[in-house]
Amino acid sequence: MNPYNIMTIMTVSRIQQFLKSFHMKYYSIHTRTSEPSSTYDAVIIGGGHNGLVAAAYLQKSGIQTCVLEKRHIVGGAAVTEEIVPGFKFSRASYVLSLLRPHIYSDLELKKHGLKMYSRNPSSYTPLRESAWQKNGARSLTLGLDELRNERQIAMFSQKDSQAYRHYEEKVKRLVTAIEPILDLSVADTMTFLRAESVWGKINALLRSPCLRKAATSVSLLGADIPALYEFLTAPASSILNHWFESEPLKATLSTDAVIGTMTGPYTPGSGYVLLHHMMGGTGWSYPKGGMGAVTQAMAAAAASYGAHIFTNVEVSRICLNGDGQAAGVVTSEGREIKATIVMSNATPYVTFQKLLPQAALPEKFQAAIESINYASPITKINGQYNYFTV
Ligand SMILES: Cc1cc2nc3c(=O)[nH]c(=O)nc-3n(C[C@H](O)[C@H](O)[C@H](O)COP(=O)(O)OP(=O)(O)OC[C@H]3O[C@@H](n4cnc5c(N)ncnc54)[C@H](O)[C@@H]3O)c2cc1C
């Protein structure tokens, strides 16, 4: 008998069929069952984590906000769903990393039920038989305990076990300098790029609070600026080869350089992906109840401030006023909802190609949207194991 008895790996259509019959059982608890009003201050298209956080902040600041989510559950890619009866899955996104600490505290996500467990151990790399070591090492496990990490790495290379500590310190310094940039509002890079003279560029830099803060943050790195440049531009392989000699360690660290990207560790720029995955103020963790617990806590926060959240409501069109400004939305059932602020949590492609009349957008802008590359290397299989032996 096959020991890896995966009872259920469903095809997409079967999953859809199944969810249709099942979705009432695990629905979003903070959503409203009544109809949306005809007017709000702000309408948010889509209830992914970004839409929900925006809704919570807007509503908290007194702006009457409504979220319209087309699925039966809010959360977007960060959802927990009972795909197989009796088993709940983090259906797409599965580990929490970049939730900003101020969002966690501002929206009181702990009070709203979010509990996180540190990802420890963080990685387990089993080796094929030909790579087993004479000292008995058959795998490499890394986690939060520095001494244990050193002992684990030393089974493959004494030199690497010492270098690892310095590598971690260096990366932490780089992260400390660039992580605050994640919290700045979007920089006006166009003025900077369009300026023709050097003085014009300096002026644009000085006038943009965001670029100024980013420059200050990076300048604090001093002698580590070349190391930051290397991470931003080089392939992860050249950075890891520079620090380490053992293949199991380099292979393990490389996984953070390729997750979610159409690149390999030898692709220039994969160094940044590596650095990106070292960030995360709340630490890498697994939420109790799966990733849906994160978005349910966000929905609970938004609802507690008074935001209206609706599921099974798809927006089919963004309405514009005579000046070409967004003035509301129309749902797929033809209901019009007026709002002075319209925010979209859908992709730029959906927002600008599907929901807005094309005549409203400059051709250059449309071309830029069309050229966005949405190719993804991700495939996720959610399965239920009857039993599992190694
Ligand atoms: C398989 C997979 C695994 C991942 N793993 C991780 C991970 O482990 N850790 C991590 O940090 N990130 C992970 N990610 C990335 C992360 O999940 C996404 O970046 C994140 O969920 C994006 O959030 P969002 O709110 O911007 O958009 P989404 O989560 O995409 O939410 C958009 C919402 O808008 C709704 N919507 C769209 N159009 C309309 C419309 N016309 N009307 C009404 N509603 C609409 C959608 O139904 C959806 O609910 C993963 C992604 C995938 C696909």
# chains A, B, ... in the order shown; residues from 1 in each chain; ligands from 1
>>> closest_atom_pairs(of="chain A", to="ligand 1", cutoff="7 Å", atoms="only C-alpha atoms and all ligand atoms", output="Markdown table")
| residue | atom | partner | partner_atom_place_in_ligand_line | distance |
| --- | --- | --- | --- | --- |
| A:Ile45 | CA | ligand 1 | 43 (C) | 5.0 |
| A:Gly46 | CA | ligand 1 | 34 (O) | 3.3 |
| A:Gly47 | CA | ligand 1 | 49 (O) | 4.8 |
| A:Gly48 | CA | ligand 1 | 31 (O) | 3.3 |
| A:His49 | CA | ligand 1 | 25 (O) | 4.0 |
| A:Asn50 | CA | ligand 1 | 25 (O) | 3.8 |
| A:Gly51 | CA | ligand 1 | 25 (O) | 5.6 |
| A:Leu68 | CA | ligand 1 | 43 (C) | 5.3 |
| A:Glu69 | CA | ligand 1 | 44 (N) | 3.9 |
| A:Lys70 | CA | ligand 1 | 43 (C) | 4.0 |
| A:Arg71 | CA | ligand 1 | 47 (O) | 5.3 |
| A:Val74 | CA | ligand 1 | 49 (O) | 5.7 |
| A:Gly75 | CA | ligand 1 | 49 (O) | 5.4 |
| A:Gly76 | CA | ligand 1 | 49 (O) | 3.2 |
| A:Ala77 | CA | ligand 1 | 29 (O) | 3.9 |
| A:Ala78 | CA | ligand 1 | 21 (O) | 5.1 |
| A:Ala92 | CA | ligand 1 | 1 (C) | 3.9 |
| A:Ser93 | CA | ligand 1 | 5 (N) | 3.1 |
| A:Tyr94 | CA | ligand 1 | 8 (O) | 3.9 |
| A:Val95 | CA | ligand 1 | 8 (O) | 3.9 |
| A:Leu96 | CA | ligand 1 | 11 (O) | 5.2 |
| A:Ser97 | CA | ligand 1 | 11 (O) | 5.4 |
| A:Leu98 | CA | ligand 1 | 11 (O) | 6.1 |
| A:Val313 | CA | ligand 1 | 43 (C) | 6.1 |
| A:Glu314 | CA | ligand 1 | 42 (N) | 3.8 |
| A:Val315 | CA | ligand 1 | 42 (N) | 3.9 |
| A:Ser316 | CA | ligand 1 | 41 (N) | 5.6 |
| A:Asn345 | CA | ligand 1 | 32 (C) | 5.1 |
| A:Ala346 | CA | ligand 1 | 37 (C) | 4.2 |
| A:Val350 | CA | ligand 1 | 38 (N) | 6.8 |
| A:Ile378 | CA | ligand 1 | 1 (C) | 5.8 |
| A:Thr379 | CA | ligand 1 | 1 (C) | 6.2 |
| A:Lys380 | CA | ligand 1 | 1 (C) | 5.5 |
>>> residues_around(residues="segment 158-174 of chain A", least_positions_apart="3", cutoff="7 Å", atoms="only C-alpha atoms", output="list in words")
Glu150, Ile153, Ala154, Ala177, Ile178, Leu228, Trp243, Phe244 and Glu245 of chain A
>>> write_last_selection(atoms="N, CA and C atoms", output="mmCIF file, in the first residue's frame")
data_model
loop_
_atom_site.group_PDB
_atom_site.id
_atom_site.type_symbol
_atom_site.label_atom_id
_atom_site.label_comp_id
_atom_site.auth_asym_id
_atom_site.auth_seq_id
_atom_site.Cartn_x
_atom_site.Cartn_y
_atom_site.Cartn_z
ATOM 1 N N GLU A 150 24.945 26.645 14.727
ATOM 2 C CA GLU A 150 26.397 26.488 14.537
ATOM 3 C C GLU A 150 26.781 25.019 14.533
ATOM 4 N N ILE A 153 25.618 23.379 11.285
ATOM 5 C CA ILE A 153 26.420 23.751 10.102
ATOM 6 C C ILE A 153 27.815 23.136 10.201
ATOM 7 N N ALA A 154 28.347 23.055 11.442
ATOM 8 C CA ALA A 154 29.698 22.503 11.640
ATOM 9 C C ALA A 154 29.788 21.054 11.163
ATOM 10 N N ALA A 177 18.587 48.940 8.054
ATOM 11 C CA ALA A 177 18.655 50.209 7.314
ATOM 12 C C ALA A 177 17.571 50.312 6.254
ATOM 13 N N ILE A 178 17.258 49.189 5.608
ATOM 14 C CA ILE A 178 16.312 49.353 4.495
ATOM 15 C C ILE A 178 14.865 48.998 4.839
ATOM 16 N N LEU A 228 25.239 46.400 0.637
ATOM 17 C CA LEU A 228 23.833 46.562 0.253
ATOM 18 C C LEU A 228 23.714 46.550 -1.273
ATOM 19 N N TRP A 243 30.490 33.897 0.989
ATOM 20 C CA TRP A 243 30.466 33.663 2.439
ATOM 21 C C TRP A 243 30.726 32.213 2.829
ATOM 22 N N PHE A 244 30.234 31.271 2.046
ATOM 23 C CA PHE A 244 30.206 29.879 2.516
ATOM 24 C C PHE A 244 30.800 28.904 1.504
ATOM 25 N N GLU A 245 31.134 27.686 2.009
ATOM 26 C CA GLU A 245 31.677 26.650 1.120
ATOM 27 C C GLU A 245 30.782 25.407 1.046
#
>>> closest_residue(among="A:Ala301, A:Ala187, A:Ala215, A:Ser122", to="Ala54 of chain A", atoms="only C-alpha atoms")
A:Ala301
>>> select_by_dssp(residues="segment 49-183 of chain A", states="strand (DSSP E)", output="list in words")
Thr65, Cys66, Val67, Leu68, Thr80, Glu81, Glu82, Ile83, Val84, Phe87, Lys88, Phe89, Ser90, Met116, Tyr117, Ser118, Ser123, Tyr124, Thr125, Pro126, Ser139, Leu140, Thr141 and Leu142 of chain A
>>> residues_around(residues="segment 59-62 of chain A", least_positions_apart="3", cutoff="7 Å", atoms="only C-alpha atoms", output="JSON, numbers by chain")
{"A": [55, 56, 65, 302, 305, 306, 307]}
>>> atom_distance(atom1="atom CA of Asn382 of chain A", atom2="atom CA of Thr347 of chain A")
24.3 Å
>>> select_by_dssp(residues="segment 182-351 of chain A", states="alpha helix (DSSP H)", output="MDAnalysis selection string")
chainID A and resid 189:194 198:207 209:219 225:233 236:243 247:258 270:276 292:305 348:349
>>> residues_around(residues="segment 282-288 of chain A", least_positions_apart="2", cutoff="8 Å", atoms="only C-alpha atoms", output="list in words")
Tyr94, Val95, Leu96, Ser97, Leu98, Leu99, Arg100, Pro101, Leu114, Lys115, Met116, Tyr117, Ser118, Arg119, Met279, Gly280, Gly290, Met291, Ala293 and Val294 of chain A
>>> write_last_selection(atoms="C-alpha atoms", output="PDB file, in the first residue's frame")
ATOM      1  CA  TYR A  94       0.979  29.763   4.299  1.00  0.00           C
ATOM      2  CA  VAL A  95       3.573  31.662   6.367  1.00  0.00           C
ATOM      3  CA  LEU A  96       3.480  35.170   7.815  1.00  0.00           C
ATOM      4  CA  SER A  97       6.524  37.350   7.351  1.00  0.00           C
ATOM      5  CA  LEU A  98       6.043  40.956   6.345  1.00  0.00           C
ATOM      6  CA  LEU A  99       3.070  41.995   8.458  1.00  0.00           C
ATOM      7  CA  ARG A 100       4.210  45.417   9.638  1.00  0.00           C
ATOM      8  CA  PRO A 101       4.420  45.673  13.446  1.00  0.00           C
ATOM      9  CA  LEU A 114      -4.481  36.785  15.956  1.00  0.00           C
ATOM     10  CA  LYS A 115      -1.960  34.505  17.626  1.00  0.00           C
ATOM     11  CA  MET A 116       1.358  33.683  15.989  1.00  0.00           C
ATOM     12  CA  TYR A 117       3.855  30.880  16.503  1.00  0.00           C
ATOM     13  CA  SER A 118       7.479  31.468  15.497  1.00  0.00           C
ATOM     14  CA  ARG A 119       8.659  29.456  12.529  1.00  0.00           C
ATOM     15  CA  MET A 279      12.828  41.307   6.654  1.00  0.00           C
ATOM     16  CA  GLY A 280       9.678  41.130   8.730  1.00  0.00           C
ATOM     17  CA  GLY A 290      -3.815  29.330   9.374  1.00  0.00           C
ATOM     18  CA  MET A 291      -3.410  32.457   7.263  1.00  0.00           C
ATOM     19  CA  ALA A 293      -6.755  33.990  10.974  1.00  0.00           C
ATOM     20  CA  VAL A 294      -4.728  37.050   9.880  1.00  0.00           C
TER      21      VAL A 294
END
>>> residues_around(residues="Cys319 of chain A", least_positions_apart="4", cutoff="8 Å", atoms="only C-alpha atoms", output="ChimeraX atom specification")
/A:326-330,356
>>> closest_atom_pairs(of="segment 246-311 of chain A", to="segment 127-145 of chain A", cutoff="9 Å", atoms="only C-alpha atoms", output="JSON lines")
{"residue": "A:Pro248", "atom": "CA", "partner": "A:Leu140", "partner_atom": "CA", "distance": 7.0}
{"residue": "A:Leu249", "atom": "CA", "partner": "A:Leu140", "partner_atom": "CA", "distance": 7.5}
{"residue": "A:Thr252", "atom": "CA", "partner": "A:Leu140", "partner_atom": "CA", "distance": 8.3}
>>> atom_distance(atom1="atom CA of Pro357 of chain A", atom2="atom CA of Cys66 of chain A")
22.6 Å
>>> closest_residue(among="A:Leu274, A:Lys201, A:Lys213, A:Asn241", to="Asp256 of chain A", atoms="only C-alpha atoms")
A:Leu274
>>> atom_distance(atom1="atom CA of Arg207 of chain A", atom2="atom CA of Met190 of chain A")
12.6 Å
>>> residues_around(residues="Gln358 of chain A", least_positions_apart="4", cutoff="12 Å", atoms="only C-alpha atoms", output="list of chain:residue names")
A:Arg317, A:Ile318, A:Leu320, A:Gly324, A:Tyr349, A:Val350, A:Thr351, A:Phe352, A:Gln353, A:Lys354, A:Pro362, A:Glu363, A:Lys364, A:Phe365, A:Gln366, A:Ala367, A:Ile369, A:Glu370
>>> closest_residue(among="A:Val258, A:Leu232, A:Ile239, A:Ala375", to="Tyr272 of chain A", atoms="only C-alpha atoms")
A:Leu232
>>> decode(residues="segment 137-177 of chain A", atoms="N, CA and C atoms", output="mmCIF file, in the first residue's frame")
data_model
loop_
_atom_site.group_PDB
_atom_site.id
_atom_site.type_symbol
_atom_site.label_atom_id
_atom_site.label_comp_id
_atom_site.auth_asym_id
_atom_site.auth_seq_id
_atom_site.Cartn_x
_atom_site.Cartn_y
_atom_site.Cartn_z
ATOM 1 N N ALA A 137 25.955 13.020 9.422
ATOM 2 C CA ALA A 137 24.987 14.077 9.060
ATOM 3 C C ALA A 137 24.222 13.700 7.786
ATOM 4 N N ARG A 138 22.900 13.678 7.902
ATOM 5 C CA ARG A 138 22.063 13.329 6.744
ATOM 6 C C ARG A 138 21.124 14.470 6.383
ATOM 7 N N SER A 139 21.125 15.516 7.201
ATOM 8 C CA SER A 139 20.230 16.651 6.935
ATOM 9 C C SER A 139 20.783 17.882 7.650
ATOM 10 N N LEU A 140 20.243 19.025 7.269
ATOM 11 C CA LEU A 140 20.627 20.282 7.927
ATOM 12 C C LEU A 140 19.348 20.960 8.416
ATOM 13 N N THR A 141 19.299 21.238 9.715
ATOM 14 C CA THR A 141 18.129 21.912 10.273
ATOM 15 C C THR A 141 18.569 23.244 10.852
ATOM 16 N N LEU A 142 17.906 24.317 10.422
ATOM 17 C CA LEU A 142 18.223 25.645 10.967
ATOM 18 C C LEU A 142 17.001 26.207 11.678
ATOM 19 N N GLY A 143 17.261 27.051 12.685
ATOM 20 C CA GLY A 143 16.148 27.635 13.439
ATOM 21 C C GLY A 143 16.587 28.861 14.206
ATOM 22 N N LEU A 144 15.934 29.118 15.321
ATOM 23 C CA LEU A 144 16.198 30.365 16.054
ATOM 24 C C LEU A 144 17.364 30.239 17.048
ATOM 25 N N ASP A 145 17.778 29.018 17.366
ATOM 26 C CA ASP A 145 18.833 28.816 18.350
ATOM 27 C C ASP A 145 20.205 28.908 17.663
ATOM 28 N N GLU A 146 20.948 29.983 17.975
ATOM 29 C CA GLU A 146 22.210 30.240 17.267
ATOM 30 C C GLU A 146 23.226 29.118 17.463
ATOM 31 N N LEU A 147 23.337 28.649 18.734
ATOM 32 C CA LEU A 147 24.338 27.605 19.005
ATOM 33 C C LEU A 147 23.997 26.306 18.284
ATOM 34 N N ARG A 148 22.701 26.003 18.249
ATOM 35 C CA ARG A 148 22.276 24.778 17.553
ATOM 36 C C ARG A 148 22.566 24.913 16.052
ATOM 37 N N ASN A 149 22.324 26.097 15.521
ATOM 38 C CA ASN A 149 22.625 26.332 14.099
ATOM 39 C C ASN A 149 24.105 26.086 13.836
ATOM 40 N N GLU A 150 24.945 26.645 14.727
ATOM 41 C CA GLU A 150 26.397 26.488 14.537
ATOM 42 C C GLU A 150 26.781 25.019 14.533
ATOM 43 N N ARG A 151 26.208 24.259 15.490
ATOM 44 C CA ARG A 151 26.534 22.830 15.578
ATOM 45 C C ARG A 151 26.063 22.099 14.312
ATOM 46 N N GLN A 152 24.880 22.454 13.845
ATOM 47 C CA GLN A 152 24.349 21.819 12.640
ATOM 48 C C GLN A 152 25.244 22.094 11.434
ATOM 49 N N ILE A 153 25.618 23.379 11.285
ATOM 50 C CA ILE A 153 26.420 23.751 10.102
ATOM 51 C C ILE A 153 27.815 23.136 10.201
ATOM 52 N N ALA A 154 28.347 23.055 11.442
ATOM 53 C CA ALA A 154 29.698 22.503 11.640
ATOM 54 C C ALA A 154 29.788 21.054 11.163
ATOM 55 N N MET A 155 28.651 20.357 11.093
ATOM 56 C CA MET A 155 28.685 18.976 10.603
ATOM 57 C C MET A 155 29.074 18.936 9.127
ATOM 58 N N PHE A 156 28.948 20.087 8.460
ATOM 59 C CA PHE A 156 29.311 20.151 7.040
ATOM 60 C C PHE A 156 30.557 20.998 6.800
ATOM 61 N N SER A 157 30.736 22.033 7.639
ATOM 62 C CA SER A 157 31.917 22.889 7.488
ATOM 63 C C SER A 157 32.126 23.712 8.758
ATOM 64 N N GLN A 158 33.295 23.524 9.378
ATOM 65 C CA GLN A 158 33.639 24.317 10.576
ATOM 66 C C GLN A 158 33.707 25.793 10.207
ATOM 67 N N LYS A 159 34.310 26.049 9.045
ATOM 68 C CA LYS A 159 34.498 27.433 8.591
ATOM 69 C C LYS A 159 33.131 28.124 8.439
ATOM 70 N N ASP A 160 32.183 27.412 7.842
ATOM 71 C CA ASP A 160 30.857 27.998 7.626
ATOM 72 C C ASP A 160 30.124 28.251 8.934
ATOM 73 N N SER A 161 30.365 27.374 9.925
ATOM 74 C CA SER A 161 29.634 27.547 11.188
ATOM 75 C C SER A 161 30.030 28.871 11.837
ATOM 76 N N GLN A 162 31.301 29.286 11.649
ATOM 77 C CA GLN A 162 31.734 30.589 12.182
ATOM 78 C C GLN A 162 31.226 31.725 11.293
ATOM 79 N N ALA A 163 31.328 31.511 9.968
ATOM 80 C CA ALA A 163 30.939 32.571 9.020
ATOM 81 C C ALA A 163 29.441 32.893 9.133
ATOM 82 N N TYR A 164 28.635 31.870 9.476
ATOM 83 C CA TYR A 164 27.171 32.047 9.491
ATOM 84 C C TYR A 164 26.749 33.161 10.447
ATOM 85 N N ARG A 165 27.400 33.162 11.642
ATOM 86 C CA ARG A 165 27.059 34.198 12.635
ATOM 87 C C ARG A 165 27.333 35.601 12.051
ATOM 88 N N HIS A 166 28.522 35.752 11.394
ATOM 89 C CA HIS A 166 28.882 37.068 10.820
ATOM 90 C C HIS A 166 27.935 37.438 9.673
ATOM 91 N N TYR A 167 27.572 36.425 8.889
ATOM 92 C CA TYR A 167 26.649 36.646 7.772
ATOM 93 C C TYR A 167 25.307 37.177 8.311
ATOM 94 N N GLU A 168 24.812 36.512 9.357
ATOM 95 C CA GLU A 168 23.527 36.927 9.932
ATOM 96 C C GLU A 168 23.612 38.361 10.470
ATOM 97 N N GLU A 169 24.749 38.682 11.127
ATOM 98 C CA GLU A 169 24.906 40.041 11.677
ATOM 99 C C GLU A 169 24.906 41.076 10.554
ATOM 100 N N LYS A 170 25.640 40.753 9.495
ATOM 101 C CA LYS A 170 25.723 41.688 8.353
ATOM 102 C C LYS A 170 24.330 41.897 7.745
ATOM 103 N N VAL A 171 23.620 40.786 7.506
ATOM 104 C CA VAL A 171 22.295 40.889 6.878
ATOM 105 C C VAL A 171 21.350 41.684 7.787
ATOM 106 N N LYS A 172 21.436 41.442 9.089
ATOM 107 C CA LYS A 172 20.560 42.187 10.020
ATOM 108 C C LYS A 172 20.819 43.677 9.923
ATOM 109 N N ARG A 173 22.119 44.059 9.787
ATOM 110 C CA ARG A 173 22.449 45.505 9.673
ATOM 111 C C ARG A 173 21.820 46.090 8.411
ATOM 112 N N LEU A 174 21.927 45.350 7.317
ATOM 113 C CA LEU A 174 21.356 45.844 6.047
ATOM 114 C C LEU A 174 19.836 45.972 6.166
ATOM 115 N N VAL A 175 19.222 44.970 6.782
ATOM 116 C CA VAL A 175 17.765 44.965 6.924
ATOM 117 C C VAL A 175 17.314 46.140 7.797
ATOM 118 N N THR A 176 18.057 46.388 8.879
ATOM 119 C CA THR A 176 17.686 47.492 9.772
ATOM 120 C C THR A 176 17.679 48.817 9.010
ATOM 121 N N ALA A 177 18.587 48.940 8.054
ATOM 122 C CA ALA A 177 18.655 50.209 7.314
ATOM 123 C C ALA A 177 17.571 50.312 6.254
#
